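This is coords18.cif (mmCIF, C-alpha atoms).
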```cif
data_query
loop_
_atom_site.label_atom_id
_atom_site.label_comp_id
_atom_site.auth_asym_id
_atom_site.auth_seq_id
_atom_site.Cartn_x
_atom_site.Cartn_y
_atom_site.Cartn_z
CA MET B 1 184.55 108.81 45.99
CA LYS B 2 183.22 106.37 43.40
CA SER B 3 183.94 103.41 45.66
CA LEU B 4 181.99 105.07 48.50
CA LYS B 5 178.97 105.46 46.19
CA LYS B 6 179.24 101.81 45.15
CA VAL B 7 179.43 100.64 48.77
CA MET B 8 176.42 102.76 49.74
CA ALA B 9 174.39 101.50 46.75
CA ILE B 10 175.20 97.87 47.58
CA ALA B 11 174.36 98.45 51.26
CA VAL B 12 170.97 100.00 50.41
CA LEU B 13 170.26 97.17 47.97
CA LEU B 14 171.12 94.46 50.53
CA ILE B 15 169.08 96.12 53.27
CA GLY B 16 166.09 96.33 50.93
CA ILE B 17 166.39 92.67 49.90
CA PHE B 18 166.78 91.38 53.46
CA SER B 19 163.94 93.50 54.87
CA PHE B 20 161.60 92.28 52.12
CA SER B 21 162.52 88.62 52.64
CA ALA B 22 162.19 88.94 56.45
CA LYS B 23 158.66 90.31 56.09
CA SER B 24 157.57 87.57 53.71
CA PHE B 25 159.14 84.92 55.95
CA SER B 26 157.34 86.19 59.06
CA THR B 27 153.93 86.30 57.31
CA LYS B 28 154.28 82.74 56.03
CA ASN B 29 154.76 81.32 59.51
CA LYS B 30 151.92 83.30 61.08
CA THR B 31 148.93 81.14 62.06
CA ASN B 32 145.38 82.35 62.32
CA PRO B 33 144.01 82.37 65.84
CA GLU B 34 141.31 79.86 66.64
CA SER B 35 137.79 81.00 65.87
CA ARG B 36 135.87 82.42 68.81
CA LEU B 37 132.63 83.07 66.97
CA ASN B 38 130.27 80.58 68.52
CA LEU B 39 127.15 82.73 68.89
CA GLU B 40 125.64 80.40 71.50
CA GLU B 41 128.53 81.18 73.85
CA ILE B 42 128.67 84.94 73.19
CA ASN B 43 126.10 87.30 74.72
CA ILE B 44 125.73 89.84 71.91
CA VAL B 45 123.26 92.06 73.77
CA GLU B 46 125.64 92.34 76.73
CA MET B 47 128.55 93.20 74.41
CA LEU B 48 126.50 95.90 72.69
CA SER B 49 125.35 97.42 75.96
CA LYS B 50 128.95 97.54 77.26
CA GLN B 51 130.09 99.09 73.99
CA GLN B 52 127.44 101.79 74.28
CA PHE B 53 129.04 103.25 77.43
CA GLU B 54 132.69 102.93 76.38
CA CYS B 55 134.76 105.78 74.99
CA ARG B 56 136.61 103.81 72.32
CA PRO B 57 135.48 101.01 70.06
CA SER B 58 136.80 97.56 70.84
CA SER B 59 139.92 96.35 69.10
CA GLU B 60 138.70 92.73 69.21
CA PHE B 61 135.30 92.90 67.51
CA MET B 62 133.01 95.12 65.47
CA PHE B 63 129.32 95.26 64.55
CA TYR B 64 128.30 96.53 61.13
CA VAL B 65 125.31 96.59 58.76
CA GLU B 66 125.24 95.77 55.05
CA ALA B 67 122.31 96.94 52.93
CA ASN B 68 121.28 95.54 49.53
CA LEU B 69 118.46 96.78 47.31
CA VAL B 70 115.64 94.24 46.94
CA LYS B 71 112.97 96.24 45.10
CA ARG B 72 112.60 99.82 43.95
CA MET B 73 109.09 101.18 43.59
CA ARG B 74 107.71 104.65 43.17
CA GLY B 75 108.51 106.52 46.38
CA VAL B 76 109.62 103.40 48.26
CA ASN B 77 112.69 101.20 48.34
CA GLU B 78 112.83 97.76 49.89
CA ILE B 79 116.26 96.81 51.18
CA ASN B 80 117.73 93.75 52.78
CA ALA B 81 119.52 94.85 55.97
CA GLU B 82 122.05 92.38 57.38
CA VAL B 83 123.74 92.91 60.75
CA TYR B 84 127.12 91.20 61.19
CA PHE B 85 129.43 90.51 64.12
CA PHE B 86 133.05 90.71 62.93
CA ASP B 87 135.92 89.26 64.96
CA LYS B 88 138.95 91.42 64.14
CA LEU B 89 141.44 88.92 65.55
CA SER B 90 140.43 85.92 63.43
CA GLY B 91 138.88 87.84 60.50
CA GLU B 92 135.60 85.90 60.68
CA LYS B 93 132.08 87.30 60.60
CA ARG B 94 128.68 85.93 61.62
CA LEU B 95 125.20 87.02 60.63
CA LEU B 96 123.17 88.34 63.57
CA ALA B 97 120.02 89.67 61.86
CA ASN B 98 118.67 89.70 58.31
CA GLU B 99 115.43 91.55 57.57
CA ILE B 100 113.69 93.34 54.73
CA VAL B 101 113.07 97.02 55.43
CA GLN B 102 110.85 99.52 53.62
CA VAL B 103 112.51 102.92 53.23
CA ASN B 104 110.30 105.78 52.08
CA THR B 105 112.02 108.30 49.85
CA PHE B 106 109.62 111.07 50.89
CA LYS B 107 106.99 111.58 53.59
CA GLY B 108 103.46 110.39 52.97
CA THR B 109 104.32 107.41 50.77
CA ILE B 110 101.74 104.62 51.06
CA VAL B 111 102.45 101.14 49.75
CA ASN B 112 100.15 98.14 49.97
CA HIS B 113 101.92 94.86 50.58
CA THR B 114 100.33 91.58 49.69
CA SER B 115 102.45 89.50 52.04
CA GLU B 116 101.34 88.12 55.40
CA ASN B 117 104.09 90.04 57.21
CA VAL B 118 102.29 93.40 56.81
CA PHE B 119 100.43 92.89 60.07
CA LYS B 120 103.71 92.21 61.86
CA SER B 121 105.55 95.25 60.46
CA ILE B 122 107.57 97.26 62.96
CA ARG B 123 108.44 100.93 62.55
CA LEU B 124 111.99 101.98 63.40
CA LYS B 125 112.75 105.29 65.12
CA ASN B 126 113.76 106.92 61.82
CA GLY B 127 110.45 105.96 60.16
CA ASP B 128 111.60 102.90 58.18
CA LYS B 129 109.43 99.78 58.49
CA ILE B 130 110.61 96.21 58.95
CA ILE B 131 108.26 94.26 56.68
CA GLY B 132 109.71 90.77 56.66
CA THR B 133 112.51 88.39 57.43
CA ALA B 134 114.91 87.47 54.63
CA THR B 135 116.52 84.45 56.30
CA LYS B 136 116.51 82.93 59.75
CA ALA B 137 118.98 84.67 62.04
CA PRO B 138 119.62 84.52 65.79
CA TYR B 139 118.44 88.09 66.48
CA SER B 140 115.85 90.47 65.06
CA LEU B 141 116.81 93.79 63.53
CA ASN B 142 114.40 95.64 65.82
CA GLU B 143 116.10 94.16 68.88
CA LEU B 144 119.58 95.22 67.68
CA MET B 145 118.49 98.70 66.53
CA GLN B 146 118.09 99.71 70.18
CA PHE B 147 121.89 100.10 70.30
CA GLU B 148 123.48 103.24 68.93
CA SER B 149 126.35 101.55 67.08
CA ILE B 150 123.97 99.30 65.10
CA TYR B 151 121.55 102.15 64.38
CA ASN B 152 124.34 104.46 63.16
CA SER B 153 125.76 101.70 60.97
CA TYR B 154 122.27 101.02 59.54
CA ILE B 155 121.73 104.71 58.70
CA SER B 156 125.17 104.94 57.07
CA ALA B 157 124.62 101.77 55.01
CA THR B 158 121.16 102.82 53.76
CA ASN B 159 122.32 106.37 53.01
CA LYS B 160 125.21 105.01 50.98
CA LEU B 161 123.02 102.50 49.13
CA LEU B 162 120.16 104.86 48.30
CA ALA B 163 122.20 108.11 48.10
CA LEU B 164 120.06 109.68 50.84
CA LYS B 165 121.11 112.37 53.27
CA ARG B 166 119.47 111.27 56.53
CA THR B 167 121.15 112.28 59.76
CA ILE B 168 122.31 109.89 62.42
#
```
Serialized structure, structure tokens:
Amino acid sequence: MKSLKKVMAIAVLLIGIFSFSAKSFSTKNKTNPESRLNLEEINIVEMLSKQQFECRPSSEFMFYVEANLVKRMRGVNEINAEVYFFDKLSGEKRLLANEIVQVNTFKGTIVNHTSENVFKSIRLKNGDKIIGTATKAPYSLNELMQFESIYNSYISATNKLLALKRTI
């Protein structure tokens, strides 16, 4: 009986050692696929419009929005909204749009901006205003917000950043 326990313990130990070393050996030899993120060759608008009518999200790529706080004033927050295209296969991401957005914390907030971009401000469908461009990017935030996946990601990112409870 004791010899059977010893044999079983040694067998479990050997199986554990070999399975661990096989996993580490296979991950060492794995090569990253070649980057496919040349934005001049990819039609982002076409990809987003196809994605809008599909049932499932794509397993090859993803669009998401990151939001960072730029300035907090009384009743208004200015955030930097960045839209990224993420290639799931290679693990690379590219910036698509980067704009500064004014988010009012309550209705009726009025803020006077001294920048030149006030005259070019664009109001989004949820009431937020694009008031400037943070850095040069291939697309504008207003252009990408027409697509549901980008809009929902923007609302989620700003809600998380500012602890708001806006609906999608």
Legend entry - Given the PyMOL selection byres ((chain B and resi 84) around 9), the residues it picks as JSON, numbers by chain: {"B": [62, 63, 64, 65, 66, 82, 83, 85, 86, 93, 94, 95, 96, 97]}
Inset, instruction - May I have the residues within 7 Å of Asn80 in chain B as a list in words, using all atoms listed in the file and disregarding those fewer than 5 positions away in the same chain? - result: Ala67, Asn68, Leu69, Val70, Asn98, Glu99, Ile100 and Val101 of chain B
Write the residues of the preceding selection, restricted to C-alpha atoms, as a PDB file, keeping the file's coordinate frame.
```pdb
ATOM      1  CA  ALA B  67     122.310  96.940  52.930  1.00  0.00           C
ATOM      2  CA  ASN B  68     121.280  95.540  49.530  1.00  0.00           C
ATOM      3  CA  LEU B  69     118.460  96.780  47.310  1.00  0.00           C
ATOM      4  CA  VAL B  70     115.640  94.240  46.940  1.00  0.00           C
ATOM      5  CA  ASN B  98     118.670  89.700  58.310  1.00  0.00           C
ATOM      6  CA  GLU B  99     115.430  91.550  57.570  1.00  0.00           C
ATOM      7  CA  ILE B 100     113.690  93.340  54.730  1.00  0.00           C
ATOM      8  CA  VAL B 101     113.070  97.020  55.430  1.00  0.00           C
TER       9      VAL B 101
END
```
Legend entry - Counting only C-alpha atoms, the option among B:Thr105, B:Asn159, B:Asn77, B:Glu148 closest to Ile130 in chain B: B:Asn77
Inset, instruction - Considering all atoms listed in the file, return as a ChimeraX atom specification whatever protein or nucleic-acid residues lie within 8 Å of Ile122 in chain B, sequence-local ones (same chain, fewer than 2 positions apart) excluded. - result: /B:120,124,129-131,142
Inset, instruction - Apply the PyMOL selection byres ((chain B and resi 76) around 7) to the file shown and report the selected residues as a ChimeraX atom specification. - result: /B:72-75,77-78,102-105
Since the input is missing atoms, can you rebuild all heavy atoms for range 128-139 of chain B and write them as a CSV table (one decimal), in the frame of the given file?
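Result file out29.csv:
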```csv
chain,number,residue,atom,x,y,z
B,128,ASP,N,111.5,104.1,59.0
B,128,ASP,CA,111.6,102.9,58.2
B,128,ASP,C,110.8,101.8,58.8
B,128,ASP,O,110.6,101.7,60.0
B,128,ASP,CB,113.0,102.4,58.0
B,128,ASP,CG,113.9,103.5,57.3
B,128,ASP,OD1,113.3,104.5,56.8
B,128,ASP,OD2,115.1,103.3,57.2
B,129,LYS,N,110.2,100.9,58.0
B,129,LYS,CA,109.4,99.8,58.5
B,129,LYS,C,110.1,98.4,58.2
B,129,LYS,O,110.5,98.2,57.0
B,129,LYS,CB,108.0,99.8,57.9
B,129,LYS,CG,107.1,100.8,58.5
B,129,LYS,CD,105.7,100.9,58.0
B,129,LYS,CE,105.1,99.9,57.2
B,129,LYS,NZ,103.7,100.2,56.8
B,130,ILE,N,110.2,97.6,59.2
B,130,ILE,CA,110.6,96.2,59.0
B,130,ILE,C,109.4,95.5,58.5
B,130,ILE,O,108.4,95.4,59.2
B,130,ILE,CB,111.2,95.6,60.2
B,130,ILE,CG1,112.4,96.4,60.7
B,130,ILE,CG2,111.5,94.1,60.0
B,130,ILE,CD1,112.9,95.9,62.1
B,131,ILE,N,109.4,94.9,57.3
B,131,ILE,CA,108.3,94.3,56.7
B,131,ILE,C,108.4,92.8,56.5
B,131,ILE,O,107.5,92.1,56.1
B,131,ILE,CB,107.9,94.9,55.3
B,131,ILE,CG1,109.0,94.8,54.3
B,131,ILE,CG2,107.4,96.3,55.5
B,131,ILE,CD1,108.7,95.2,52.9
B,132,GLY,N,109.6,92.2,56.8
B,132,GLY,CA,109.7,90.8,56.7
B,132,GLY,C,111.1,90.3,57.0
B,132,GLY,O,112.0,91.1,57.2
B,133,THR,N,111.2,89.0,57.1
B,133,THR,CA,112.5,88.4,57.4
B,133,THR,C,113.1,87.7,56.2
B,133,THR,O,112.3,87.0,55.5
B,133,THR,CB,112.3,87.3,58.5
B,133,THR,OG1,111.7,87.9,59.6
B,133,THR,CG2,113.6,86.7,58.9
B,134,ALA,N,114.3,88.0,55.8
B,134,ALA,CA,114.9,87.5,54.6
B,134,ALA,C,115.3,86.0,54.9
B,134,ALA,O,115.0,85.1,54.1
B,134,ALA,CB,116.1,88.3,54.2
B,135,THR,N,116.1,85.8,55.9
B,135,THR,CA,116.5,84.4,56.3
B,135,THR,C,116.5,84.4,57.8
B,135,THR,O,116.5,85.4,58.5
B,135,THR,CB,118.0,84.1,55.8
B,135,THR,OG1,118.9,85.1,56.4
B,135,THR,CG2,118.1,84.1,54.3
B,136,LYS,N,116.5,83.1,58.3
B,136,LYS,CA,116.5,82.9,59.8
B,136,LYS,C,117.9,83.4,60.3
B,136,LYS,O,118.9,83.0,59.9
B,136,LYS,CB,116.2,81.5,60.1
B,136,LYS,CG,116.0,81.2,61.5
B,136,LYS,CD,115.4,79.9,61.7
B,136,LYS,CE,115.3,79.5,63.2
B,136,LYS,NZ,114.2,80.2,63.9
B,137,ALA,N,117.8,84.2,61.4
B,137,ALA,CA,119.0,84.7,62.0
B,137,ALA,C,118.7,84.6,63.5
B,137,ALA,O,117.6,84.7,64.0
B,137,ALA,CB,119.3,86.1,61.6
B,138,PRO,N,119.8,84.6,64.3
B,138,PRO,CA,119.6,84.5,65.8
B,138,PRO,C,119.0,85.7,66.5
B,138,PRO,O,118.4,85.6,67.5
B,138,PRO,CB,121.0,84.3,66.3
B,138,PRO,CG,122.0,84.5,65.2
B,138,PRO,CD,121.2,84.5,63.9
B,139,TYR,N,119.0,86.9,65.9
B,139,TYR,CA,118.4,88.1,66.5
B,139,TYR,C,117.5,88.8,65.5
B,139,TYR,O,117.6,88.5,64.3
B,139,TYR,CB,119.5,89.1,66.9
B,139,TYR,CG,120.4,88.5,68.0
B,139,TYR,CD1,121.6,87.8,67.8
B,139,TYR,CD2,120.0,88.7,69.4
B,139,TYR,CE1,122.4,87.4,68.8
B,139,TYR,CE2,120.8,88.2,70.4
B,139,TYR,CZ,122.0,87.5,70.1
B,139,TYR,OH,122.7,87.1,71.1
```
